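What follows is a short report on a single structure.
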Amino acid sequence: MTSTTEQFADVAATTLLRFATAGSVDDGKSTLVGRLLHDSKSVLTDQLEAVEAASLKRGQEAPDLALLTDGLRAEREQGITIDVAYRYFATPRRRFILADTPGHVQYTRNMVTGASTAELAVVLVDARNGVVEQTRRHAAVAALLRVPHVVLAVNKMDLVDYQEPVFAAIAAEFTTYASELGVPEITAIPISALAGDNVVEPSANMDWYGGPTVLEHLETVPVSHDLTACHARFPVQYVIRPQTAEHPDYRGYAGQIAAGAFRVGEEITVLPSGKTSTITGIDALGESVDIAWAPQSVTIRLADDIDISRGDLLAPSGDAPATTQDIEATVCHVADQSLAVGQRVLLKHTTRTVKAIVKEIPSRLTLDDLSQHPNPGQLVANDIGRVVVRTAEPLALDAYADSRRTGSFLLIDPADGTTLAAGMAGESFATTKAVAVVEDEEGWDF
């Protein structure tokens with residue numbers, strides 16, 4: 001029988017890297033991804049034949065590798081990426097899940113989606129154009145989403161005669177900007193996705209570059225899987241009560257462990273109610289286990305019959321987050337409609353959705369110089385800004401810096417269900433001063 005330490009070691013040894021590509025329009029993101037898949041021999045024969053046929057139909061002699069990820073008809077017709085294309089591939093050294101995200105400013109919201117679970121972001125820059133506004137926006141999103149590793153891929157080096165000074169200037173400008181945003185690690189690589197230079201194989205045209213290729217870096221970048229260091233959190237998705245002759249008294253709370261690990265015998269606190277109990281059993285894949293960790297989907301059984309329902313959060317009693325109705329956070333606004341002070345919204349945090357009101361918008365980030373524009377009054381599409389939200393019910397949020405899963409939330413339009421903004425909780429605080437009650441005819445009183 002394996003010990004707990006050995007079990008965690010097995011999980012930590014799993015070499016899976018989630019990464020996202022980003023960059024401005026026509027910087028070559030889809031071509032880079034296609035080149036990675038093709039040169040790492042991760043493309044099936046029928047897929048390659050389909051791409052070759054589509055390329056010939058468009059009058060291209062060589063296969064357009066961008067078509068391996070541009071799957072929507074509109075994408076192929078326009079030659080741009082619209083939706084996030086997810087791909088799985090593997091090499092002998094590591095497995096990968098990649099998200100090819102759009103470059104057009106209109107689809108920045110999709111970059112937020114693709115990078116939200118990424119451990120590495122590849123930001124492409126056209127060597128002819130250098131760092132542009134959309135490059136800065138994607139760097140800001142990567143920093144805001146706490147992506148720990150960022151690769152600057154200076155693409156189309158073949159169109160600038162593989163000149164080292166061009167690469168060096170772009171790398172210096174981007175590194176300075178991203179460092180000011182707080183990106184912890186930045187690696188710059190000169191490439192030509194179309195020609196294959198420094199993507200999988202080293203380039204003979206850039207002997208002045210001595211660093212890794214894109215694939216070499218992806219295979220060797222350290223990925224943290226230290227699950228024991230995470231704050232244990234379990235959002236309840238469903239209450240299981242079969243009430244059958246075989247299981248007359250069974251009561252279990254099903255969901256996916258968001259972070260950390262849970263053990264039988266551990267005392268837990270139910271939030272937001274604050275009630276406590278002890279874990280008497282954990283069921284995973286039809287079997288009872290003594291321990292379970294993120295991201296396993298399990299059913300947890302407790303010693304006491306407590307009123308628990310979807311949206312409640314289980315956490316170790318000694319490490320439970322504080323609950324609050326006042327949330328200060330940074331948000332990426334992703335909707336076409338604006339977000340204004342006083343606006344009623346729904347706030348979705350893990351499995352819990354509550355009513356809320358936007359109380360303040362203290363500032364909006366100016367991408368050019370990273371200054372804060374105070375009190376803008378509203379946020380529009382693709383804006384990044386600070387908000388203060390008051391919720392109708394207490395929520396148990398962690399700081400996003402501590403947990404990307406339980407420190408994030410969505411703001412939703414209650415009228416039509418449109419996602420307005422993706423939020424990352426900053427300092428979550430519980431206020432003790434009296435708060436005025438807001439009343440209206442629809443009963444949004446809190």
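By order of appearance in the structure tokens: chains A, B, ..., then residues from 1 within every chain, and ligands from 1 in the order shown.
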Test item: residues at most 8 Å from Ala140 (chain A), only C-alpha atoms, excluding those fewer than 4 positions along its chain, as a list in words: Arg136, Leu144, Ala178, Leu181 and Leu367 of chain A
Considering only C-alpha atoms, give me a table of residues in region 307-366 of chain A that are at most 8 Å from region 372-394 of chain A, with the closest atom pair and distance in Å for each, as a Markdown table.
```
| residue | atom | partner | partner_atom | distance |
| --- | --- | --- | --- | --- |
| A:Thr323 | CA | A:Pro394 | CA | 5.6 |
| A:Thr324 | CA | A:Pro394 | CA | 5.0 |
| A:Gln325 | CA | A:Pro394 | CA | 4.8 |
| A:Asp326 | CA | A:Arg390 | CA | 4.7 |
| A:Ile327 | CA | A:Val389 | CA | 5.1 |
| A:Glu328 | CA | A:Val388 | CA | 4.5 |
| A:Ala329 | CA | A:Val387 | CA | 5.6 |
| A:Thr330 | CA | A:Arg386 | CA | 4.4 |
| A:Val331 | CA | A:Gly385 | CA | 5.6 |
| A:Cys332 | CA | A:Ile384 | CA | 4.7 |
| A:His333 | CA | A:Asn382 | CA | 5.2 |
| A:Val334 | CA | A:Ala381 | CA | 5.3 |
| A:Ala335 | CA | A:Ala381 | CA | 5.4 |
| A:Asp336 | CA | A:Ala381 | CA | 5.3 |
| A:Gln337 | CA | A:Val380 | CA | 6.7 |
| A:Ser338 | CA | A:Val380 | CA | 4.5 |
| A:Leu339 | CA | A:Leu379 | CA | 5.1 |
| A:Ala340 | CA | A:Gln378 | CA | 4.2 |
| A:Val341 | CA | A:Gly377 | CA | 6.0 |
| A:Leu347 | CA | A:Thr391 | CA | 7.7 |
| A:Val354 | CA | A:Ala392 | CA | 6.4 |
| A:Lys355 | CA | A:Ala392 | CA | 5.4 |
| A:Ala356 | CA | A:Thr391 | CA | 4.1 |
| A:Ile357 | CA | A:Arg390 | CA | 5.4 |
| A:Val358 | CA | A:Val389 | CA | 4.6 |
| A:Lys359 | CA | A:Val389 | CA | 5.4 |
| A:Glu360 | CA | A:Val388 | CA | 5.0 |
| A:Ile361 | CA | A:Val387 | CA | 4.4 |
| A:Pro362 | CA | A:Asn375 | CA | 4.8 |
| A:Ser363 | CA | A:Pro374 | CA | 4.3 |
| A:Arg364 | CA | A:Gly385 | CA | 4.0 |
| A:Leu365 | CA | A:Gln372 | CA | 4.8 |
| A:Thr366 | CA | A:Gln372 | CA | 5.9 |
```
Need the shell around Thr406 (chain A): protein/DNA/RNA residues with any atom at most 10 Å away, counting only C-alpha atoms. Skip same-chain ones fewer than 5 positions apart. Format as a JSON list (two decimals) with N, CA, C and O atoms, in the first residue's frame?
```json
[["chain", "number", "residue", "atom", "x", "y", "z"],
["A", 231, "HIS", "N", -4.29, 25.80, -0.46],
["A", 231, "HIS", "CA", -5.40, 25.85, 0.49],
["A", 231, "HIS", "C", -6.49, 24.91, 0.00],
["A", 231, "HIS", "O", -6.98, 25.05, -1.13],
["A", 233, "ARG", "N", -9.90, 23.44, -0.86],
["A", 233, "ARG", "CA", -11.23, 24.03, -1.10],
["A", 233, "ARG", "C", -12.07, 23.04, -1.89],
["A", 233, "ARG", "O", -11.62, 22.45, -2.88],
["A", 234, "PHE", "N", -13.33, 22.89, -1.48],
["A", 234, "PHE", "CA", -14.24, 21.94, -2.15],
["A", 234, "PHE", "C", -15.60, 22.61, -2.35],
["A", 234, "PHE", "O", -16.42, 22.66, -1.43],
["A", 235, "PRO", "N", -15.86, 23.17, -3.54],
["A", 235, "PRO", "CA", -17.19, 23.73, -3.83],
["A", 235, "PRO", "C", -18.19, 22.60, -4.06],
["A", 235, "PRO", "O", -17.95, 21.71, -4.88],
["A", 258, "ALA", "N", -11.28, 21.89, -5.75],
["A", 258, "ALA", "CA", -10.71, 23.03, -6.46],
["A", 258, "ALA", "C", -9.22, 23.19, -6.18],
["A", 258, "ALA", "O", -8.46, 23.62, -7.04],
["A", 259, "ALA", "N", -8.80, 22.84, -4.96],
["A", 259, "ALA", "CA", -7.40, 23.01, -4.59],
["A", 259, "ALA", "C", -7.11, 22.19, -3.35],
["A", 259, "ALA", "O", -8.01, 21.89, -2.55],
["A", 313, "LEU", "N", -19.18, 25.90, 0.31],
["A", 313, "LEU", "CA", -17.77, 25.57, 0.17],
["A", 313, "LEU", "C", -17.29, 24.86, 1.43],
["A", 313, "LEU", "O", -17.54, 25.33, 2.55],
["A", 321, "PRO", "N", -11.29, 30.24, 4.51],
["A", 321, "PRO", "CA", -11.24, 31.66, 4.12],
["A", 321, "PRO", "C", -12.32, 32.45, 4.83],
["A", 321, "PRO", "O", -13.35, 31.91, 5.24],
["A", 349, "HIS", "N", -19.23, 32.59, -8.40],
["A", 349, "HIS", "CA", -17.96, 32.19, -7.78],
["A", 349, "HIS", "C", -18.02, 30.69, -7.53],
["A", 349, "HIS", "O", -18.88, 30.21, -6.80],
["A", 350, "THR", "N", -17.14, 29.94, -8.16],
["A", 350, "THR", "CA", -17.17, 28.47, -8.15],
["A", 350, "THR", "C", -18.58, 28.01, -8.53],
["A", 350, "THR", "O", -19.05, 28.30, -9.61],
["A", 396, "ALA", "N", -17.14, 33.13, 0.13],
["A", 396, "ALA", "CA", -15.84, 32.72, 0.69],
["A", 396, "ALA", "C", -14.81, 32.74, -0.44],
["A", 396, "ALA", "O", -14.59, 31.75, -1.12],
["A", 397, "LEU", "N", -14.20, 33.91, -0.63],
["A", 397, "LEU", "CA", -13.20, 34.06, -1.68],
["A", 397, "LEU", "C", -11.80, 34.05, -1.09],
["A", 397, "LEU", "O", -11.57, 34.58, 0.00],
["A", 398, "ASP", "N", -10.89, 33.46, -1.83],
["A", 398, "ASP", "CA", -9.47, 33.62, -1.55],
["A", 398, "ASP", "C", -8.94, 34.76, -2.40],
["A", 398, "ASP", "O", -9.57, 35.17, -3.38],
["A", 399, "ALA", "N", -7.79, 35.28, -2.04],
["A", 399, "ALA", "CA", -7.11, 36.21, -2.93],
["A", 399, "ALA", "C", -6.67, 35.44, -4.18],
["A", 399, "ALA", "O", -6.22, 34.30, -4.08],
["A", 400, "TYR", "N", -6.83, 36.07, -5.35],
["A", 400, "TYR", "CA", -6.46, 35.38, -6.59],
["A", 400, "TYR", "C", -4.99, 35.00, -6.58],
["A", 400, "TYR", "O", -4.59, 33.99, -7.18],
["A", 424, "MET", "N", -10.70, 38.97, -10.72],
["A", 424, "MET", "CA", -9.67, 38.38, -9.89],
["A", 424, "MET", "C", -9.64, 39.13, -8.57],
["A", 424, "MET", "O", -9.29, 40.31, -8.52],
["A", 425, "ALA", "N", -10.05, 38.45, -7.50],
["A", 425, "ALA", "CA", -10.19, 39.10, -6.20],
["A", 425, "ALA", "C", -8.84, 39.55, -5.67],
["A", 425, "ALA", "O", -7.87, 38.80, -5.67]]
```
message: Rounded to one decimal, what separation in Å do you get between CA of Asn198 (chain A) and CA of Leu17 (chain A)?
response: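 About the pair CA of Asn198 (chain A) and CA of Leu17 (chain A): they are 19.6 Å apart.
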task: For Ala315 (chain A), list every protein, DNA or RNA residue within 6 Å, evaluated using only C-alpha atoms, and leave out those in the same chain fewer than 2 positions away; present the list as a list in words.
output: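 What passes the distance filter is Ala232, Arg233, Ile268, Thr269 and Ala320 of chain A.
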query: Leaving out Ile306 (chain A) and any residue of its chain fewer than 5 positions from it, which residues lie within 12 Å of it when counting only C-alpha atoms, given as a PyMOL selection string?
result: chain A and resi 239+251-253+268-271+273-278+301+312+314
Pull N, CA, C and O atoms from the residues just selected and write them as an mmCIF file, in the first residue's frame.
```cif
data_model
loop_
_atom_site.group_PDB
_atom_site.id
_atom_site.type_symbol
_atom_site.label_atom_id
_atom_site.label_comp_id
_atom_site.auth_asym_id
_atom_site.auth_seq_id
_atom_site.Cartn_x
_atom_site.Cartn_y
_atom_site.Cartn_z
ATOM 1 N N VAL A 239 -25.902 17.455 -3.984
ATOM 2 C CA VAL A 239 -26.106 16.638 -2.785
ATOM 3 C C VAL A 239 -26.711 15.300 -3.204
ATOM 4 O O VAL A 239 -27.750 15.261 -3.870
ATOM 5 N N ARG A 251 -25.835 10.199 2.667
ATOM 6 C CA ARG A 251 -25.868 11.625 2.320
ATOM 7 C C ARG A 251 -24.435 12.040 1.969
ATOM 8 O O ARG A 251 -23.543 12.007 2.813
ATOM 9 N N GLY A 252 -24.219 12.381 0.714
ATOM 10 C CA GLY A 252 -22.885 12.765 0.265
ATOM 11 C C GLY A 252 -22.919 14.070 -0.505
ATOM 12 O O GLY A 252 -23.946 14.448 -1.081
ATOM 13 N N TYR A 253 -21.805 14.762 -0.501
ATOM 14 C CA TYR A 253 -21.704 16.059 -1.161
ATOM 15 C C TYR A 253 -20.686 15.933 -2.300
ATOM 16 O O TYR A 253 -19.493 15.719 -2.065
ATOM 17 N N ILE A 268 -13.834 19.948 9.086
ATOM 18 C CA ILE A 268 -14.046 20.943 8.038
ATOM 19 C C ILE A 268 -15.089 21.969 8.481
ATOM 20 O O ILE A 268 -15.899 21.716 9.379
ATOM 21 N N THR A 269 -15.047 23.108 7.813
ATOM 22 C CA THR A 269 -16.028 24.168 8.032
ATOM 23 C C THR A 269 -16.804 24.378 6.748
ATOM 24 O O THR A 269 -16.226 24.388 5.654
ATOM 25 N N VAL A 270 -18.126 24.522 6.898
ATOM 26 C CA VAL A 270 -19.005 24.762 5.753
ATOM 27 C C VAL A 270 -19.221 26.270 5.631
ATOM 28 O O VAL A 270 -19.633 26.925 6.598
ATOM 29 N N LEU A 271 -18.943 26.810 4.483
ATOM 30 C CA LEU A 271 -19.105 28.245 4.260
ATOM 31 C C LEU A 271 -20.178 28.497 3.206
ATOM 32 O O LEU A 271 -20.320 27.706 2.273
ATOM 33 N N SER A 273 -22.065 29.333 6.005
ATOM 34 C CA SER A 273 -22.779 29.185 7.278
ATOM 35 C C SER A 273 -21.836 29.152 8.470
ATOM 36 O O SER A 273 -22.198 29.569 9.574
ATOM 37 N N GLY A 274 -20.620 28.632 8.289
ATOM 38 C CA GLY A 274 -19.666 28.546 9.385
ATOM 39 C C GLY A 274 -19.815 27.309 10.248
ATOM 40 O O GLY A 274 -19.083 27.140 11.238
ATOM 41 N N LYS A 275 -20.731 26.407 9.908
ATOM 42 C CA LYS A 275 -20.920 25.186 10.692
ATOM 43 C C LYS A 275 -19.759 24.218 10.443
ATOM 44 O O LYS A 275 -19.160 24.222 9.375
ATOM 45 N N THR A 276 -19.485 23.390 11.439
ATOM 46 C CA THR A 276 -18.347 22.483 11.340
ATOM 47 C C THR A 276 -18.799 21.028 11.453
ATOM 48 O O THR A 276 -19.852 20.728 12.008
ATOM 49 N N SER A 277 -17.975 20.143 10.926
ATOM 50 C CA SER A 277 -18.207 18.704 11.025
ATOM 51 C C SER A 277 -16.890 17.990 10.740
ATOM 52 O O SER A 277 -15.841 18.629 10.591
ATOM 53 N N THR A 278 -16.951 16.671 10.671
ATOM 54 C CA THR A 278 -15.766 15.855 10.408
ATOM 55 C C THR A 278 -16.020 14.959 9.207
ATOM 56 O O THR A 278 -17.120 14.402 9.051
ATOM 57 N N ARG A 301 -18.474 12.558 2.597
ATOM 58 C CA ARG A 301 -19.498 12.284 3.618
ATOM 59 C C ARG A 301 -19.044 12.864 4.949
ATOM 60 O O ARG A 301 -17.862 12.805 5.290
ATOM 61 N N ASP A 312 -22.263 25.910 -1.583
ATOM 62 C CA ASP A 312 -21.517 25.957 -0.328
ATOM 63 C C ASP A 312 -20.081 25.496 -0.576
ATOM 64 O O ASP A 312 -19.792 24.767 -1.535
ATOM 65 N N LEU A 314 -16.620 23.712 1.252
ATOM 66 C CA LEU A 314 -16.006 23.002 2.366
ATOM 67 C C LEU A 314 -14.520 23.327 2.398
ATOM 68 O O LEU A 314 -13.848 23.305 1.362
#
```
task: Can you list, as a PyMOL selection string, all residues belonging to region 206-392 of chain A that DSSP tags as alpha helix (DSSP H)?
output: chain A and resi 214-220
Keeping only N, CA and C atoms, write those residues as an mmCIF file, in the first residue's frame.
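Output (part_24.cif):
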```
data_model
loop_
_atom_site.group_PDB
_atom_site.id
_atom_site.type_symbol
_atom_site.label_atom_id
_atom_site.label_comp_id
_atom_site.auth_asym_id
_atom_site.auth_seq_id
_atom_site.Cartn_x
_atom_site.Cartn_y
_atom_site.Cartn_z
ATOM 1 N N VAL A 214 11.354 26.813 -29.181
ATOM 2 C CA VAL A 214 10.074 26.914 -28.470
ATOM 3 C C VAL A 214 9.713 25.585 -27.823
ATOM 4 N N LEU A 215 9.833 24.482 -28.577
ATOM 5 C CA LEU A 215 9.469 23.178 -28.029
ATOM 6 C C LEU A 215 10.397 22.776 -26.892
ATOM 7 N N GLU A 216 11.695 23.050 -27.021
ATOM 8 C CA GLU A 216 12.632 22.723 -25.944
ATOM 9 C C GLU A 216 12.257 23.447 -24.662
ATOM 10 N N HIS A 217 11.868 24.701 -24.796
ATOM 11 C CA HIS A 217 11.472 25.461 -23.602
ATOM 12 C C HIS A 217 10.184 24.908 -23.011
ATOM 13 N N LEU A 218 9.228 24.579 -23.872
ATOM 14 C CA LEU A 218 7.968 24.011 -23.381
ATOM 15 C C LEU A 218 8.209 22.686 -22.664
ATOM 16 N N GLU A 219 9.159 21.917 -23.137
ATOM 17 C CA GLU A 219 9.434 20.612 -22.542
ATOM 18 C C GLU A 219 10.183 20.704 -21.221
ATOM 19 N N THR A 220 10.897 21.794 -21.005
ATOM 20 C CA THR A 220 11.775 21.863 -19.833
ATOM 21 C C THR A 220 11.370 22.902 -18.803
#
```
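Considering only C-alpha atoms, the residue among A:Gln256, A:Ser371, A:Ser203, A:Asn110 positioned nearest to Tyr86 (chain A) is A:Asn110.
CA of Phe262 (chain A) to CA of Leu120 (chain A) spans 27.8 Å [interatomic distance, one decimal].
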Considering only C-alpha atoms, return as a tab-separated table (two decimals) with C-alpha atoms, in the first residue's frame whatever protein or nucleic-acid residues lie within 6 Å of region 88-92 of chain A, sequence-local ones (same chain, fewer than 4 positions apart) excluded.
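Below is the file selection_21.tsv, written as the result:
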```
chain	number	residue	atom	x	y	z
A	42	SER	CA	1.48	15.14	-33.57
A	96	PHE	CA	0.59	19.43	-23.57
A	97	ILE	CA	-2.82	21.07	-23.67
```
message: If we count only C-alpha atoms and set the cut-off at 10 Å, which residues sit around Pro202 (chain A), ignoring sequence neighbours fewer than 2 positions away in its own chain? Please answer as a PyMOL selection string.
response: chain A and resi 191+196-200+204-207+209-214+216
Keeping all heavy atoms for every residue in the selection just given, could you write it to a file as a compact mmCIF listing (two decimals), in the first residue's frame?
```txt
# COMPACT_ATOMS: atom_id res chain seq x y z
N ILE A 191 11.92 33.47 -33.88
CA ILE A 191 11.43 32.33 -34.64
C ILE A 191 10.91 32.76 -36.01
O ILE A 191 10.70 33.95 -36.27
CB ILE A 191 10.28 31.59 -33.91
CG1 ILE A 191 9.02 32.48 -33.86
CG2 ILE A 191 10.69 31.16 -32.52
CD1 ILE A 191 7.78 31.75 -33.40
N GLY A 196 9.84 27.40 -39.88
CA GLY A 196 10.20 26.40 -38.88
C GLY A 196 11.43 26.75 -38.06
O GLY A 196 11.89 25.93 -37.25
N ASP A 197 11.97 27.95 -38.22
CA ASP A 197 13.17 28.35 -37.48
C ASP A 197 12.90 28.44 -35.98
O ASP A 197 12.01 29.19 -35.53
CB ASP A 197 13.68 29.71 -37.97
CG ASP A 197 14.19 29.67 -39.40
OD1 ASP A 197 15.27 29.11 -39.62
OD2 ASP A 197 13.48 30.19 -40.29
N ASN A 198 13.65 27.70 -35.19
CA ASN A 198 13.61 27.76 -33.71
C ASN A 198 12.25 27.40 -33.12
O ASN A 198 11.96 27.75 -31.98
CB ASN A 198 14.04 29.13 -33.19
CG ASN A 198 15.53 29.34 -33.27
OD1 ASN A 198 16.30 28.39 -33.33
ND2 ASN A 198 15.95 30.61 -33.28
N VAL A 199 11.43 26.70 -33.88
CA VAL A 199 10.15 26.23 -33.33
C VAL A 199 10.36 24.86 -32.69
O VAL A 199 10.19 24.68 -31.48
CB VAL A 199 9.05 26.18 -34.39
CG1 VAL A 199 7.75 25.65 -33.80
CG2 VAL A 199 8.82 27.58 -34.99
N VAL A 200 10.74 23.90 -33.50
CA VAL A 200 11.09 22.57 -32.98
C VAL A 200 12.58 22.32 -33.17
O VAL A 200 13.25 21.81 -32.27
CB VAL A 200 10.26 21.47 -33.68
CG1 VAL A 200 10.76 20.08 -33.27
CG2 VAL A 200 8.78 21.62 -33.31
N ALA A 204 19.40 27.44 -38.53
CA ALA A 204 20.73 27.67 -39.09
C ALA A 204 20.90 29.12 -39.52
O ALA A 204 22.01 29.58 -39.78
CB ALA A 204 20.95 26.74 -40.29
N ASN A 205 19.77 29.86 -39.58
CA ASN A 205 19.81 31.25 -40.02
C ASN A 205 20.07 32.23 -38.88
O ASN A 205 20.26 33.42 -39.12
CB ASN A 205 18.50 31.62 -40.70
CG ASN A 205 18.22 30.77 -41.93
OD1 ASN A 205 19.07 30.69 -42.82
ND2 ASN A 205 17.06 30.13 -41.97
N MET A 206 20.03 31.74 -37.65
CA MET A 206 20.24 32.62 -36.50
C MET A 206 21.26 32.01 -35.55
O MET A 206 20.97 31.67 -34.41
CB MET A 206 18.90 32.88 -35.78
CG MET A 206 17.92 33.71 -36.59
SD MET A 206 16.33 34.00 -35.77
CE MET A 206 15.47 32.47 -36.14
N ASP A 207 22.49 31.88 -36.06
CA ASP A 207 23.53 31.28 -35.23
C ASP A 207 23.94 32.17 -34.06
O ASP A 207 24.64 31.75 -33.15
CB ASP A 207 24.76 30.94 -36.09
CG ASP A 207 25.26 32.12 -36.91
OD1 ASP A 207 24.73 33.24 -36.74
OD2 ASP A 207 26.19 31.93 -37.72
N TYR A 209 21.85 33.22 -31.94
CA TYR A 209 20.95 32.88 -30.83
C TYR A 209 21.36 31.53 -30.24
O TYR A 209 21.45 30.54 -30.96
CB TYR A 209 19.50 32.84 -31.32
CG TYR A 209 18.53 32.32 -30.28
CD1 TYR A 209 18.15 33.10 -29.20
CD2 TYR A 209 17.99 31.03 -30.38
CE1 TYR A 209 17.27 32.63 -28.23
CE2 TYR A 209 17.10 30.55 -29.43
CZ TYR A 209 16.75 31.34 -28.36
OH TYR A 209 15.87 30.87 -27.41
N GLY A 210 21.61 31.50 -28.94
CA GLY A 210 22.06 30.27 -28.30
C GLY A 210 21.08 29.67 -27.33
O GLY A 210 21.42 28.73 -26.59
N GLY A 211 19.86 30.18 -27.30
CA GLY A 211 18.86 29.69 -26.35
C GLY A 211 18.08 28.51 -26.89
O GLY A 211 18.37 27.97 -27.97
N PRO A 212 17.04 28.08 -26.16
CA PRO A 212 16.24 26.92 -26.57
C PRO A 212 15.28 27.25 -27.69
O PRO A 212 14.93 28.42 -27.91
CB PRO A 212 15.48 26.56 -25.29
CG PRO A 212 15.28 27.89 -24.61
CD PRO A 212 16.56 28.67 -24.88
N THR A 213 14.85 26.23 -28.41
CA THR A 213 13.72 26.40 -29.33
C THR A 213 12.45 26.49 -28.52
O THR A 213 12.44 26.26 -27.30
CB THR A 213 13.63 25.21 -30.31
OG1 THR A 213 13.30 24.03 -29.56
CG2 THR A 213 14.94 25.00 -31.05
N VAL A 214 11.35 26.81 -29.18
CA VAL A 214 10.07 26.91 -28.47
C VAL A 214 9.71 25.59 -27.82
O VAL A 214 9.35 25.53 -26.64
CB VAL A 214 8.96 27.36 -29.44
CG1 VAL A 214 7.59 27.31 -28.74
CG2 VAL A 214 9.22 28.77 -29.95
N GLU A 216 11.70 23.05 -27.02
CA GLU A 216 12.63 22.72 -25.94
C GLU A 216 12.26 23.45 -24.66
O GLU A 216 12.31 22.87 -23.57
CB GLU A 216 14.06 23.08 -26.36
CG GLU A 216 14.69 22.14 -27.36
CD GLU A 216 16.04 22.64 -27.86
OE1 GLU A 216 16.39 23.80 -27.56
OE2 GLU A 216 16.72 21.87 -28.55
```
query: If you run DSSP on this backbone, which residues of region 167-313 of chain A come out as strand (DSSP E), and could you give them as a PyMOL selection string?
result: chain A and resi 186-190+234-235+238-240+252-256+261-263+267-271+275-284+287-289+291-293+297-302+313
